[in-house]
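Chemist: Sharing work-v6.txt here; it has compact mmCIF, C-alpha atoms.
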# COMPACT_ATOMS: atom_id res chain seq x y z
CA ASN A 1 -4.41 -28.89 -63.15
CA CYS A 2 -4.99 -26.15 -60.52
CA THR A 3 -6.75 -26.59 -57.19
CA LEU A 4 -8.46 -23.61 -55.57
CA CYS A 5 -7.55 -22.78 -51.99
CA SER A 6 -10.11 -23.02 -49.21
CA ALA A 7 -11.08 -20.10 -46.98
CA GLY A 8 -8.24 -18.97 -44.70
CA ARG A 9 -5.58 -20.26 -47.09
CA PHE A 10 -3.87 -18.76 -50.13
CA ALA A 11 -1.51 -19.68 -52.94
CA GLY A 12 0.88 -17.13 -54.38
CA ASP A 13 1.95 -16.91 -58.02
CA SER A 14 3.30 -20.24 -59.35
CA SER A 15 2.76 -21.85 -55.93
CA SER A 16 1.96 -25.54 -55.85
CA GLU A 17 0.28 -25.55 -52.43
CA CYS A 18 -2.13 -23.56 -50.31
CA VAL A 19 -0.73 -21.97 -47.17
CA ALA A 20 -2.63 -20.79 -44.08
CA CYS A 21 -2.90 -17.03 -43.66
CA PRO A 22 -0.82 -15.70 -40.76
CA ALA A 23 -2.39 -14.37 -37.58
CA GLY A 24 -4.13 -11.03 -38.00
CA HIS A 25 -4.91 -11.78 -41.67
CA PHE A 26 -7.73 -13.54 -43.51
CA ALA A 27 -8.50 -14.98 -46.94
CA VAL A 28 -11.76 -15.80 -48.68
CA PRO A 29 -11.95 -18.97 -50.83
CA ASP A 30 -9.85 -18.95 -54.03
CA SER A 31 -7.54 -16.17 -52.75
CA SER A 32 -4.06 -15.54 -54.01
CA THR A 33 -3.23 -13.28 -51.03
CA CYS A 34 -4.15 -12.75 -47.40
CA THR A 35 -5.58 -9.44 -46.24
CA LEU A 36 -4.65 -7.67 -42.99
CA CYS A 37 -7.61 -7.40 -40.62
CA PRO A 38 -9.02 -3.86 -40.35
CA ALA A 39 -8.33 -1.86 -37.18
CA GLY A 40 -10.42 -3.15 -34.27
CA LEU A 41 -10.63 -6.73 -35.59
CA TYR A 42 -8.49 -9.85 -35.07
CA ALA A 43 -7.97 -13.27 -36.67
CA SER A 44 -6.12 -16.44 -35.71
CA VAL A 45 -3.90 -18.38 -38.15
CA GLY A 46 -5.84 -19.70 -41.16
CA SER A 47 -8.92 -17.51 -40.69
CA SER A 48 -11.50 -16.83 -43.38
CA GLU A 49 -12.75 -13.67 -41.65
CA CYS A 50 -11.79 -11.21 -38.95
CA GLN A 51 -13.73 -10.90 -35.71
CA ALA A 52 -14.41 -8.10 -33.25
CA CYS A 53 -13.16 -8.46 -29.69
CA ASP A 54 -15.77 -8.39 -26.94
CA GLY A 55 -16.40 -5.13 -25.12
CA GLY A 56 -13.54 -4.35 -22.72
CA TYR A 57 -10.98 -5.97 -25.05
CA ILE A 58 -9.02 -4.82 -28.11
CA PRO A 59 -6.89 -6.66 -30.70
CA ASP A 60 -3.47 -7.24 -29.16
CA PRO A 61 -1.03 -4.98 -31.07
CA ASP A 62 1.91 -7.01 -29.72
CA ALA A 63 0.45 -10.25 -31.12
CA ASN A 64 -0.22 -9.04 -34.68
CA ARG A 65 -3.98 -8.84 -34.09
CA SER A 66 -4.13 -12.60 -33.50
CA SER A 67 -5.94 -12.37 -30.16
CA CYS A 68 -7.61 -9.91 -27.82
CA VAL A 69 -6.18 -8.22 -24.74
CA ALA A 70 -8.10 -6.63 -21.84
CA CYS A 71 -8.25 -2.86 -21.43
CA PRO A 72 -6.54 -1.81 -18.20
CA ALA A 73 -8.45 -0.36 -15.25
CA GLY A 74 -9.37 3.28 -15.80
CA SER A 75 -10.22 2.70 -19.48
CA PHE A 76 -12.84 0.95 -21.62
CA ALA A 77 -13.54 -0.30 -25.15
CA PHE A 78 -16.71 -1.08 -27.07
CA SER A 79 -16.82 -4.32 -29.07
CA GLY A 80 -14.77 -3.76 -32.23
CA SER A 81 -12.83 -0.78 -30.87
CA PRO A 82 -9.19 -0.60 -32.03
CA ASN A 83 -8.03 1.14 -28.82
CA CYS A 84 -8.93 1.46 -25.16
CA THR A 85 -10.33 4.88 -24.19
CA LEU A 86 -9.47 6.52 -20.86
CA CYS A 87 -12.31 7.31 -18.47
CA SER A 88 -13.11 10.99 -18.02
CA ALA A 89 -13.16 12.74 -14.64
CA GLY A 90 -16.07 11.64 -12.43
CA ARG A 91 -16.17 8.16 -14.02
CA PHE A 92 -14.30 4.90 -13.37
CA ALA A 93 -13.75 1.42 -14.84
CA GLY A 94 -12.16 -1.81 -13.67
CA ASP A 95 -10.13 -4.19 -15.88
CA SER A 96 -11.76 -5.28 -19.16
CA SER A 97 -14.64 -2.79 -18.96
CA SER A 98 -16.94 -1.97 -21.86
CA GLU A 99 -17.91 1.39 -20.31
CA CYS A 100 -16.93 3.89 -17.65
CA VAL A 101 -19.44 4.27 -14.83
CA ALA A 102 -20.32 7.53 -13.06
CA CYS A 103 -19.14 7.77 -9.45
CA PRO A 104 -21.97 7.56 -6.92
CA ALA A 105 -23.04 10.54 -4.83
CA GLY A 106 -20.52 11.53 -2.16
CA HIS A 107 -17.61 10.19 -4.23
CA PHE A 108 -15.30 11.60 -6.92
CA ALA A 109 -12.79 10.39 -9.51
CA VAL A 110 -9.96 12.04 -11.42
CA PRO A 111 -9.44 11.05 -15.11
CA ASP A 112 -8.26 7.45 -15.78
CA SER A 113 -9.60 6.17 -12.42
CA SER A 114 -10.22 2.54 -11.57
CA THR A 115 -12.25 3.43 -8.45
CA CYS A 116 -14.08 6.36 -6.91
CA THR A 117 -12.92 8.02 -3.68
CA LEU A 118 -15.22 8.95 -0.81
CA CYS A 119 -15.36 12.70 -0.19
CA PRO A 120 -13.59 13.75 3.03
CA ALA A 121 -15.70 14.80 6.00
CA GLY A 122 -17.25 18.23 5.46
CA LEU A 123 -17.35 17.95 1.67
CA TYR A 124 -20.01 16.70 -0.77
CA ALA A 125 -20.31 15.60 -4.41
CA SER A 126 -23.17 14.82 -6.76
CA VAL A 127 -23.22 11.73 -9.02
CA GLY A 128 -20.36 11.75 -11.57
CA SER A 129 -18.26 14.41 -9.83
CA SER A 130 -14.59 15.06 -10.50
CA GLU A 131 -14.04 16.76 -7.15
CA CYS A 132 -15.71 17.33 -3.78
CA GLN A 133 -16.99 20.73 -2.70
CA ALA A 134 -17.54 22.48 0.62
CA CYS A 135 -21.04 23.49 1.68
CA ASP A 136 -21.68 27.18 2.29
CA GLY A 137 -21.63 28.48 5.86
CA GLY A 138 -24.72 27.36 7.78
CA TYR A 139 -24.88 24.09 5.82
CA ILE A 140 -23.25 20.65 6.12
CA PRO A 141 -23.13 17.62 3.80
CA ASP A 142 -26.39 15.70 4.19
CA PRO A 143 -25.53 12.42 5.96
CA ASP A 144 -28.90 10.95 4.89
CA ALA A 145 -28.17 11.65 1.21
CA ASN A 146 -24.68 10.05 1.08
CA ARG A 147 -22.97 13.47 1.04
CA SER A 148 -24.60 14.27 -2.33
CA SER A 149 -25.98 17.66 -1.25
CA CYS A 150 -25.99 20.13 1.61
CA VAL A 151 -28.57 20.52 4.36
CA ALA A 152 -29.13 23.58 6.56
CA CYS A 153 -28.09 23.47 10.19
CA PRO A 154 -31.10 23.42 12.55
CA ALA A 155 -32.14 26.58 14.40
CA GLY A 156 -29.79 27.37 17.27
CA SER A 157 -26.72 25.93 15.53
CA PHE A 158 -24.16 27.00 12.93
CA ALA A 159 -21.43 25.63 10.66
CA PHE A 160 -18.51 27.22 8.87
CA SER A 161 -18.01 26.45 5.19
CA GLY A 162 -16.51 22.95 4.87
CA SER A 163 -17.53 21.91 8.38
CA PRO A 164 -18.74 18.30 8.73
CA ASN A 165 -21.09 19.06 11.65
CA CYS A 166 -23.34 21.79 12.97
CA THR A 167 -22.30 23.33 16.27
CA LEU A 168 -24.80 24.48 18.91
CA CYS A 169 -24.72 28.18 19.62
CA SER A 170 -23.65 29.08 23.15
CA ALA A 171 -26.10 30.99 25.34
Reformat the file's structure so that it appears as structure tokens.
Modeler:
Amino acid sequence: NCTLCSAGRFAGDSSSECVACPAGHFAVPDSSTCTLCPAGLYASVGSSECQACDGGYIPDPDANRSSCVACPAGSFAFSGSPNCTLCSAGRFAGDSSSECVACPAGHFAVPDSSTCTLCPAGLYASVGSSECQACDGGYIPDPDANRSSCVACPAGSFAFSGSPNCTLCSA
């Protein structure tokens, strides 16, 4: 007289009892084997199905896909992603992020950044920049636009390329 196993449990050939599937595996009702969860999904012991980790998390490869682990700063993952993806230049992400965000105007970021860096005095950057740039001669970074663009020096003044301020011409 055979008894069928419930979901999350299996019985091998000539086995007299149902056993819970190990972590990272699942079994539908009446299974004779457990199946490894597909990449990007995880399952705890005795699971009947695999689940996707929330955005910013991936199945923990060191825990046999039994739980989720946060992506480190400078990277992100969509829900169900098998791996964390590094942020590209001009974008950043904190711990457990589901996306990389563009740096604001006047800031820049190198690849894999967890924060954006303010451009040094005399330089500017548009949104999502990977580096800061110097304004042409006669222009300075616009202080009213968060160093996102350049503005011409007023009449009677000048600036060298990369200068943070306009200088009045001497008489």
Chemist: For stretch 75-122 of chain A against stretch 33-57 of chain A, with a cut-off of 10 Å and counting only C-alpha atoms, what is the closest atom pair and its distance in Å to one decimal for every residue that makes the cut, ordered by chain and number, as a Markdown table?
Modeler:
| residue | atom | partner | partner_atom | distance |
| --- | --- | --- | --- | --- |
| A:Ser75 | CA | A:Gly56 | CA | 8.4 |
| A:Phe76 | CA | A:Gly56 | CA | 5.5 |
| A:Ala77 | CA | A:Gly56 | CA | 4.7 |
| A:Phe78 | CA | A:Gly55 | CA | 4.5 |
| A:Ser79 | CA | A:Gly55 | CA | 4.1 |
| A:Gly80 | CA | A:Ala52 | CA | 4.5 |
| A:Ser81 | CA | A:Gly40 | CA | 4.8 |
| A:Pro82 | CA | A:Gly40 | CA | 3.6 |
| A:Asn83 | CA | A:Gly40 | CA | 7.3 |
| A:Cys84 | CA | A:Tyr57 | CA | 7.7 |
| A:Thr85 | CA | A:Gly56 | CA | 9.9 |
| A:Ala93 | CA | A:Gly56 | CA | 9.8 |
| A:Gly94 | CA | A:Gly56 | CA | 9.5 |
| A:Asp95 | CA | A:Gly56 | CA | 7.6 |
| A:Ser96 | CA | A:Gly56 | CA | 4.1 |
| A:Ser97 | CA | A:Gly56 | CA | 4.2 |
| A:Ser98 | CA | A:Gly56 | CA | 4.2 |
| A:Glu99 | CA | A:Gly56 | CA | 7.6 |
Chemist: As an exercise, work out the distance from atom CA of A:Ala89 to atom CA of A:Ser148 in Å and give it to one decimal place.
Modeler: 16.9 Å
Chemist: Just want the 6 Å neighbourhood of A:Ala7, counted on all atoms listed in the file, with same-chain residues fewer than 6 positions away dropped. Output as a PDB file with C-alpha atoms, in the coordinates of the input.
Modeler:
ATOM      1  CA  ALA A  27      -8.500 -14.980 -46.940  1.00  0.00           C
ATOM      2  CA  VAL A  28     -11.760 -15.800 -48.680  1.00  0.00           C
ATOM      3  CA  PRO A  29     -11.950 -18.970 -50.830  1.00  0.00           C
ATOM      4  CA  SER A  48     -11.500 -16.830 -43.380  1.00  0.00           C
TER       5      SER A  48
END
Chemist: So that I can check the surroundings of A:Cys5, please list as a PDB file with C-alpha atoms, in the coordinates of the input every protein, DNA and RNA residue that reaches within 8 Å of it, counting only C-alpha atoms and ignoring chain neighbours fewer than 6 positions away.
Modeler:
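Saved the output as selection05.pdb:
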ATOM      1  CA  ALA A  11      -1.510 -19.680 -52.940  1.00  0.00           C
ATOM      2  CA  CYS A  18      -2.130 -23.560 -50.310  1.00  0.00           C
ATOM      3  CA  PRO A  29     -11.950 -18.970 -50.830  1.00  0.00           C
ATOM      4  CA  ASP A  30      -9.850 -18.950 -54.030  1.00  0.00           C
ATOM      5  CA  SER A  31      -7.540 -16.170 -52.750  1.00  0.00           C
TER       6      SER A  31
END
Chemist: Name all residues at most 8 Å from stretch 150-159 of chain A (count only C-alpha atoms; drop same-chain ones fewer than 4 positions away) and give them as a PyMOL selection string.
Modeler: chain A and resi 124+135+137-142+163+165-169
Chemist: State, in Å with one decimal place, the distance from atom CA of A:Pro72 to atom CA of A:Pro22.
Modeler: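 Taking atom CA of A:Pro72 as the start and atom CA of A:Pro22 as the end point, the length is 27.1 Å.
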Chemist: Show me the residues close to (-16.8, 3.0, -8.4) - anything with an atom within 7 Å, counting only C-alpha atoms - and format the list as a VMD selection string.
Modeler: chain A and resid 92 103 115 to 116
Chemist: Closest to A:Ala63 among A:Ser113, A:His25, A:Val101, A:His107, using all atoms listed in the file?
Modeler: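 For A:Ala63, the nearest of the candidates is A:His25.
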Chemist: Considering all atoms listed in the file, state which residue in the set A:Ala105, A:Pro164, A:Gly122, A:Ser32 is at the smallest distance from A:Asn146.
Modeler: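 Comparing A:Ala105, A:Pro164, A:Gly122, A:Ser32 against A:Asn146, the winner is A:Ala105.
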Chemist: So, counting all atoms listed in the file, which residue among A:Ser66, A:Gly162, A:Arg91, A:Ala145 is closest to A:Leu123?
Modeler: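 So, comparing all the options, the nearest one is A:Gly162.
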Chemist: Work out how far apart atom CA of A:Cys119 and atom CA of A:Pro104 are and give it in Å to one decimal.
Modeler: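 About the pair atom CA of A:Cys119 and atom CA of A:Pro104: they are 10.7 Å apart.
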